[in-house]
$ cat my_file20.cif   # mmCIF, C-alpha atoms
data_my_file
loop_
_atom_site.label_atom_id
_atom_site.label_comp_id
_atom_site.auth_asym_id
_atom_site.auth_seq_id
_atom_site.Cartn_x
_atom_site.Cartn_y
_atom_site.Cartn_z
CA MET A 1 98.07 89.96 95.40
CA ILE A 2 94.79 90.10 93.49
CA ALA A 3 94.29 93.68 94.62
CA GLN A 4 97.86 94.56 93.65
CA ILE A 5 97.41 93.11 90.17
CA CYS A 6 94.09 94.85 89.58
CA ALA A 7 95.35 98.18 90.91
CA ASP A 8 98.39 98.05 88.64
CA ALA A 9 96.26 97.22 85.59
CA LEU A 10 93.76 99.97 86.39
CA GLY A 11 96.45 102.50 87.20
CA VAL A 12 95.51 103.40 90.77
CA ALA A 13 97.02 102.75 94.19
CA VAL A 14 96.16 99.56 96.09
CA ALA A 15 94.82 101.77 98.88
CA ASP A 16 92.18 103.07 96.47
CA LEU A 17 90.59 99.60 96.18
CA ASP A 18 88.11 97.93 98.51
CA LEU A 19 88.54 94.17 98.24
CA VAL A 20 85.26 92.26 98.51
CA GLY A 21 85.71 88.96 100.32
CA PRO A 22 84.94 85.53 98.83
CA ASP A 23 81.16 85.64 99.03
CA THR A 24 79.33 84.23 96.00
CA ALA A 25 76.28 86.32 96.95
CA LEU A 26 78.38 89.38 96.09
CA THR A 27 80.92 88.14 93.55
CA PRO A 28 80.99 85.64 90.67
CA ASP A 29 81.93 82.08 91.61
CA CYS A 30 85.32 81.24 90.13
CA GLY A 31 85.88 77.95 91.92
CA LYS A 32 87.99 77.06 94.90
CA THR A 33 91.25 78.59 96.05
CA SER A 34 93.53 75.58 95.68
CA ALA A 35 96.84 74.35 94.33
CA SER A 36 98.68 77.11 92.47
CA ARG A 37 95.76 78.62 90.58
CA GLN A 38 94.89 81.75 92.54
CA THR A 39 97.59 84.21 91.50
CA TYR A 40 97.77 82.76 88.01
CA ILE A 41 94.11 82.36 87.05
CA THR A 42 92.21 84.77 89.31
CA GLY A 43 95.10 87.20 89.01
CA LYS A 44 94.86 87.10 85.22
CA ALA A 45 91.12 87.75 85.37
CA ALA A 46 91.78 90.66 87.75
CA GLU A 47 94.38 92.07 85.37
CA MET A 48 91.98 91.81 82.42
CA ALA A 49 89.16 93.43 84.42
CA GLY A 50 91.45 96.25 85.56
CA ARG A 51 92.57 96.95 82.01
CA ALA A 52 88.98 96.83 80.73
CA LEU A 53 87.79 99.27 83.38
CA ARG A 54 90.71 101.58 82.65
CA ALA A 55 89.88 101.51 78.93
CA ARG A 56 86.27 102.45 79.67
CA ILE A 57 87.31 105.36 81.90
CA LEU A 58 89.77 106.66 79.31
CA ALA A 59 87.14 106.39 76.58
CA MET A 60 84.66 108.39 78.68
CA THR A 61 87.21 111.14 79.20
CA ASN A 62 88.81 110.94 75.75
CA MET A 63 92.22 110.55 77.35
CA GLY A 64 95.27 108.67 76.10
CA GLU A 65 96.93 105.55 77.47
CA ASP A 66 99.38 107.59 79.53
CA ALA A 67 96.58 109.26 81.51
CA VAL A 68 96.60 109.22 85.31
CA ILE A 69 93.42 108.20 87.14
CA ARG A 70 92.91 109.72 90.60
CA PRO A 71 89.86 108.59 92.62
CA GLU A 72 88.32 111.20 94.86
CA PRO A 73 85.06 111.28 96.84
CA GLY A 74 82.19 110.78 94.41
CA ALA A 75 84.31 111.25 91.31
CA LEU A 76 87.27 110.24 89.19
CA ARG A 77 89.80 112.81 88.02
CA VAL A 78 91.70 111.87 84.86
CA SER A 79 94.66 113.83 83.49
CA ASP A 80 97.30 113.24 80.84
CA GLY A 81 99.55 116.28 81.12
CA ARG A 82 97.67 118.10 78.38
CA GLY A 83 94.39 118.43 80.17
CA GLU A 84 92.17 117.13 82.94
CA ARG A 85 88.64 115.80 83.05
CA ARG A 86 86.37 114.76 85.87
CA ILE A 87 83.78 111.96 85.94
CA ASP A 88 80.95 112.72 88.36
CA LEU A 89 80.14 109.23 89.63
CA VAL A 90 77.12 110.43 91.59
CA ALA A 91 75.44 111.54 88.36
CA LEU A 92 75.79 108.14 86.69
CA GLU A 93 73.05 105.49 86.73
CA PRO A 94 74.01 102.36 88.72
CA ASP A 95 73.70 98.92 87.18
CA GLY A 96 71.93 95.92 88.68
CA ASN A 97 74.77 95.37 91.12
CA GLY A 98 74.82 98.97 92.26
CA TYR A 99 77.94 100.00 90.33
CA VAL A 100 78.10 103.01 88.06
CA LEU A 101 81.28 101.85 86.33
CA ALA A 102 82.14 98.18 86.14
CA ALA A 103 84.11 95.62 84.16
CA GLU A 104 83.87 91.86 84.48
CA GLU A 105 86.34 89.48 82.85
CA SER A 106 87.03 85.77 83.10
CA TYR A 107 90.14 83.76 82.29
CA ASP A 108 90.45 80.11 81.36
CA PRO A 109 94.06 79.18 80.60
CA PRO A 110 94.76 77.51 77.25
CA THR A 111 95.01 73.73 77.53
CA GLY A 112 94.61 70.77 75.25
CA ALA A 113 93.28 67.23 75.66
CA LEU A 114 95.67 64.29 75.75
CA ASP A 115 95.93 62.24 72.57
CA GLU A 116 95.89 58.44 72.28
CA SER A 117 99.55 58.28 73.33
CA GLY A 118 98.97 60.39 76.42
CA GLN A 119 100.58 63.54 75.01
CA GLY A 120 99.01 66.97 75.19
CA VAL A 121 98.85 70.22 77.11
CA PRO A 122 96.79 69.49 80.25
CA TYR A 123 98.17 72.51 82.12
CA ALA A 124 98.87 76.02 80.92
CA VAL A 125 101.82 76.68 83.22
CA TYR A 126 104.18 74.64 85.37
CA GLY A 127 106.12 75.49 88.49
CA TYR A 128 109.86 75.01 88.72
CA GLY A 129 111.94 74.82 91.86
CA ALA A 130 114.90 73.19 93.55
CA GLN A 131 115.54 72.68 97.25
CA MET A 132 118.53 71.61 99.31
CA ALA A 133 118.36 70.38 102.91
CA GLU A 134 121.19 70.35 105.44
CA VAL A 135 120.64 67.97 108.36
CA GLU A 136 122.32 66.54 111.43
CA VAL A 137 121.75 62.90 112.39
CA ASP A 138 122.47 61.52 115.87
CA MET A 139 124.22 58.24 115.09
CA GLY A 140 123.29 56.76 118.46
CA LEU A 141 119.67 57.85 118.73
CA GLY A 142 118.66 58.10 115.08
CA THR A 143 117.15 61.54 115.58
CA VAL A 144 117.28 64.05 112.73
CA LYS A 145 117.56 67.82 113.01
CA VAL A 146 117.12 69.90 109.87
CA ARG A 147 119.46 72.88 110.14
CA ARG A 148 118.89 74.73 106.90
CA ILE A 149 116.81 74.49 103.75
CA THR A 150 117.64 76.53 100.67
CA ALA A 151 114.68 76.88 98.32
CA ALA A 152 114.88 78.37 94.84
CA HIS A 153 111.59 78.78 92.98
CA ASP A 154 110.66 80.35 89.67
CA VAL A 155 107.65 82.57 90.40
CA GLY A 156 107.52 84.23 86.98
CA ARG A 157 107.26 87.64 88.57
CA ALA A 158 107.18 88.20 92.31
CA ILE A 159 104.02 90.29 92.63
CA ASN A 160 104.43 90.34 96.41
CA PRO A 161 107.87 89.02 97.45
CA ALA A 162 107.00 88.88 101.16
CA LEU A 163 103.96 86.69 100.46
CA ALA A 164 106.00 84.48 98.12
CA GLU A 165 108.62 83.94 100.81
CA GLY A 166 105.86 83.20 103.31
CA GLN A 167 104.46 80.60 100.91
CA ILE A 168 107.89 78.99 100.70
CA GLU A 169 108.26 78.93 104.48
CA GLY A 170 104.79 77.44 104.94
CA GLY A 171 105.38 74.73 102.33
CA ILE A 172 108.67 73.79 103.97
CA ALA A 173 106.99 73.55 107.37
CA GLN A 174 104.40 71.18 105.91
CA GLY A 175 107.09 69.14 104.13
CA LEU A 176 109.15 68.93 107.31
CA GLY A 177 106.21 67.37 109.10
CA LEU A 178 105.71 64.91 106.24
CA ALA A 179 109.37 63.91 106.32
CA LEU A 180 109.99 63.54 110.05
CA MET A 181 106.83 63.62 112.19
CA GLU A 182 103.39 63.18 110.75
CA GLU A 183 102.04 59.64 110.87
CA PHE A 184 98.37 58.77 111.14
CA VAL A 185 97.59 55.69 113.19
CA PRO A 186 93.84 54.95 113.25
CA GLY A 187 92.42 55.08 116.75
CA ARG A 188 95.54 56.63 118.24
CA THR A 189 96.74 59.76 116.50
CA GLU A 190 93.39 61.51 116.46
CA ASN A 191 94.45 64.72 118.19
CA LEU A 192 97.34 67.18 118.10
CA HIS A 193 98.84 65.65 121.26
CA ASP A 194 99.53 62.32 119.57
CA TYR A 195 99.70 63.47 115.94
CA LEU A 196 102.88 65.50 115.76
CA ILE A 197 103.31 68.54 113.54
CA PRO A 198 106.26 70.94 113.41
CA THR A 199 106.47 73.77 115.91
CA VAL A 200 108.57 76.90 115.72
CA GLY A 201 111.31 75.00 117.56
CA ASP A 202 111.51 72.43 114.76
CA MET A 203 111.84 74.91 111.92
CA PRO A 204 115.24 75.26 110.25
CA GLU A 205 116.82 78.34 108.79
CA ILE A 206 115.17 78.94 105.43
CA ARG A 207 116.88 80.70 102.57
CA SER A 208 114.42 81.68 99.85
CA ILE A 209 115.58 82.45 96.35
CA LEU A 210 112.95 83.96 94.06
CA ILE A 211 113.71 83.40 90.39
CA GLU A 212 111.73 85.53 87.94
CA VAL A 213 111.29 84.11 84.45
CA PRO A 214 108.05 85.73 83.19
CA ASP A 215 105.30 83.49 81.86
CA PRO A 216 103.60 84.90 78.74
CA GLU A 217 100.14 83.90 80.01
CA GLY A 218 100.42 84.89 83.66
CA PRO A 219 99.36 88.27 85.09
CA PHE A 220 102.35 90.58 84.57
CA GLY A 221 104.32 87.38 83.96
CA ALA A 222 103.52 85.75 87.32
CA LYS A 223 103.31 81.99 87.88
CA GLY A 224 101.68 80.10 90.72
CA LEU A 225 103.50 79.06 93.88
CA GLY A 226 101.48 76.56 95.85
CA GLU A 227 102.42 72.93 96.38
CA HIS A 228 105.71 73.41 94.52
CA VAL A 229 107.46 73.95 97.85
CA LEU A 230 105.91 71.00 99.68
CA ILE A 231 106.75 68.42 97.02
CA PRO A 232 110.58 68.56 97.11
CA THR A 233 110.99 69.16 100.85
CA ALA A 234 110.71 65.57 102.10
CA PRO A 235 112.87 64.09 99.29
CA ALA A 236 115.56 66.69 99.99
CA ILE A 237 115.54 65.81 103.69
CA LEU A 238 115.64 62.05 103.04
CA ASN A 239 118.51 62.45 100.59
CA ALA A 240 120.38 64.53 103.16
CA ILE A 241 119.83 61.82 105.80
CA ARG A 242 121.28 59.22 103.45
CA HIS A 243 124.25 61.44 102.67
CA ALA A 244 124.86 62.02 106.39
CA CYS A 245 124.63 58.47 107.73
CA GLY A 246 123.94 56.05 104.87
CA ALA A 247 120.36 55.37 105.94
CA ARG A 248 118.01 54.94 102.99
CA ILE A 249 114.52 55.71 104.26
CA THR A 250 111.70 54.15 102.24
CA ARG A 251 108.79 54.87 104.57
CA LEU A 252 107.69 58.18 106.00
CA PRO A 253 108.06 59.69 108.47
CA ALA A 254 111.77 59.13 109.17
CA ARG A 255 111.29 58.21 112.82
CA PRO A 256 114.41 57.53 114.89
CA ASP A 257 113.74 53.77 114.94
CA ARG A 258 113.46 53.70 111.16
CA VAL A 259 116.63 55.74 110.75
CA LEU A 260 118.51 53.37 113.09
CA ALA A 261 117.18 50.31 111.25
CA ALA A 262 118.21 51.80 107.91
CA MET A 263 121.65 52.62 109.29
CA ARG A 264 122.13 49.02 110.43
CA GLU A 265 121.03 47.80 107.01
CA ALA A 266 123.60 50.12 105.44
CA GLY A 267 126.30 48.73 107.74
CA ARG A 268 126.74 51.87 109.81
#

$ encode --input "my_file20.cif" --output "structure tokens"
Amino acid sequence: MIAQICADALGVAVADLDLVGPDTALTPDCGKTSASRQTYITGKAAEMAGRALRARILAMTNMGEDAVIRPEPGALRVSDGRGERRIDLVALEPDGNGYVLAAEESYDPPTGALDESGQGVPYAVYGYGAQMAEVEVDMGLGTVKVRRITAAHDVGRAINPALAEGQIEGGIAQGLGLALMEEFVPGRTENLHDYLIPTVGDMPEIRSILIEVPDPEGPFGAKGLGEHVLIPTAPAILNAIRHACGARITRLPARPDRVLAAMREAGR
């Protein structure tokens, strides 16, 4: 998605970019890839850098904002319908990093410290989502099978819809394990034979709904989509269990013995 954002801001195809991997010997260190910051923060920096590089190219060629930039071997060809100019990259002097044309931008989202009453703006953007789980509960065994999860999330703008849907599916898989399987017991569940995580056979049907309400700060209006999917998954499943059989689960995971005990407590 970072390459897509930068390419769009620069005005070239994604295929024209070579993406350098996360190596701080080659690239600036912008911190870890975590939570929901990558598309939003790194993406914004990539957008700003793409626009800055485009502005420099247009200034060198004296072209207008509607100009088209076409990379070709050893050169850039820039045209705006009224004329065409060519930048001979081989003739330019490289900088200390070996680039003949470069732009570097950083982005720190606007935030504010909390006041004495705990009010403020600690985060620049928030994620919004709603999820619904449909489950089947075996009233005799206490086992739970999640049949379908519908997940609606506001992504601001879906830069890459396939990746956004994959993020939703991955978060639901993690939340499913939290709700029904994963339980760490010191000295016992220290391997993936005893510590259970969801497999493909445990996954329900997932219906993803991408809602696009652009954020004024995000790159092209995009918002982050990280832990937003994990957080509501287990509560949705537990609420569905209670709706199905009356069992109110207060401790995760919802093992069959806990579901049966909760059912007995509810008089089922």

$ atom_distance --input "my_file20.cif" --atom1 "atom CA of Pro214 of chain A" --atom2 "atom CA of Cys6 of chain A"
17.9 Å

$ closest_atom_pairs --input "my_file20.cif" --of "segment 93-156 of chain A" --to "segment 15-33 of chain A" --cutoff "12 Å" --atoms "all atoms listed in the file" --output "tab-separated table"
residue	atom	partner	partner_atom	distance
A:Gly96	CA	A:Leu26	CA	11.8
A:Asn97	CA	A:Leu26	CA	8.6
A:Gly98	CA	A:Leu26	CA	10.9
A:Glu104	CA	A:Pro28	CA	9.2
A:Glu105	CA	A:Pro28	CA	10.2
A:Ser106	CA	A:Cys30	CA	8.5
A:Tyr107	CA	A:Cys30	CA	9.5
A:Asp108	CA	A:Cys30	CA	10.2

$ residues_around --input "my_file20.cif" --residues "Ile57 of chain A" --least-positions-apart "3" --cutoff "10 Å" --atoms "only C-alpha atoms" --output "VMD selection string"
chain A and resid 10 51 to 54 60 to 63 69 76 to 78 87 101 to 102

$ closest_residue --input "my_file20.cif" --among "A:Gly226, A:Gly11, A:Gly246, A:Pro122" --to "Gly142 of chain A" --atoms "only C-alpha atoms"
A:Gly246

$ closest_residue --input "my_file20.cif" --among "A:Gly81, A:Pro253, A:Gly140, A:Gly112" --to "Tyr195 of chain A" --atoms "all atoms listed in the file"
A:Pro253

$ resolve_selection --input "my_file20.cif" --expression "the PyMOL selection byres ((chain A and resi 220) around 12)" --output "ChimeraX atom specification"
/A:1-2,4-6,8-9,39-41,43-48,51,155-159,212-219,221-223

$ closest_residue --input "my_file20.cif" --among "A:Gly129, A:Gly267, A:Pro235, A:Gly224" --to "Ala35 of chain A" --atoms "only C-alpha atoms"
A:Gly224

$ closest_residue --input "my_file20.cif" --among "A:Gly50, A:Gly127, A:Pro109, A:Gly171" --to "Val12 of chain A" --atoms "all atoms listed in the file"
A:Gly50

$ atom_distance --input "my_file20.cif" --atom1 "atom CA of Leu141 of chain A" --atom2 "atom CA of Glu190 of chain A"
26.6 Å

$ atom_distance --input "my_file20.cif" --atom1 "atom CA of Arg251 of chain A" --atom2 "atom CA of Leu180 of chain A"
10.3 Å

$ closest_residue --input "my_file20.cif" --among "A:Ile237, A:Ala3, A:Leu58, A:Val14" --to "Gly175 of chain A" --atoms "all atoms listed in the file"
A:Ile237

$ residues_near_point --input "my_file20.cif" --point "(107.5, 87.3, 101.8)" --cutoff "12 Å" --atoms "only C-alpha atoms" --output "ChimeraX atom specification"
/A:1,158-170,206-210

$ resolve_selection --input "my_file20.cif" --expression "the PyMOL selection byres ((chain A and resi 80) around 7)" --output "list of chain:residue names"
A:Met63, A:Gly64, A:Asp66, A:Ala67, A:Val68, A:Ser79, A:Gly81, A:Arg82, A:Gly83, A:Glu84
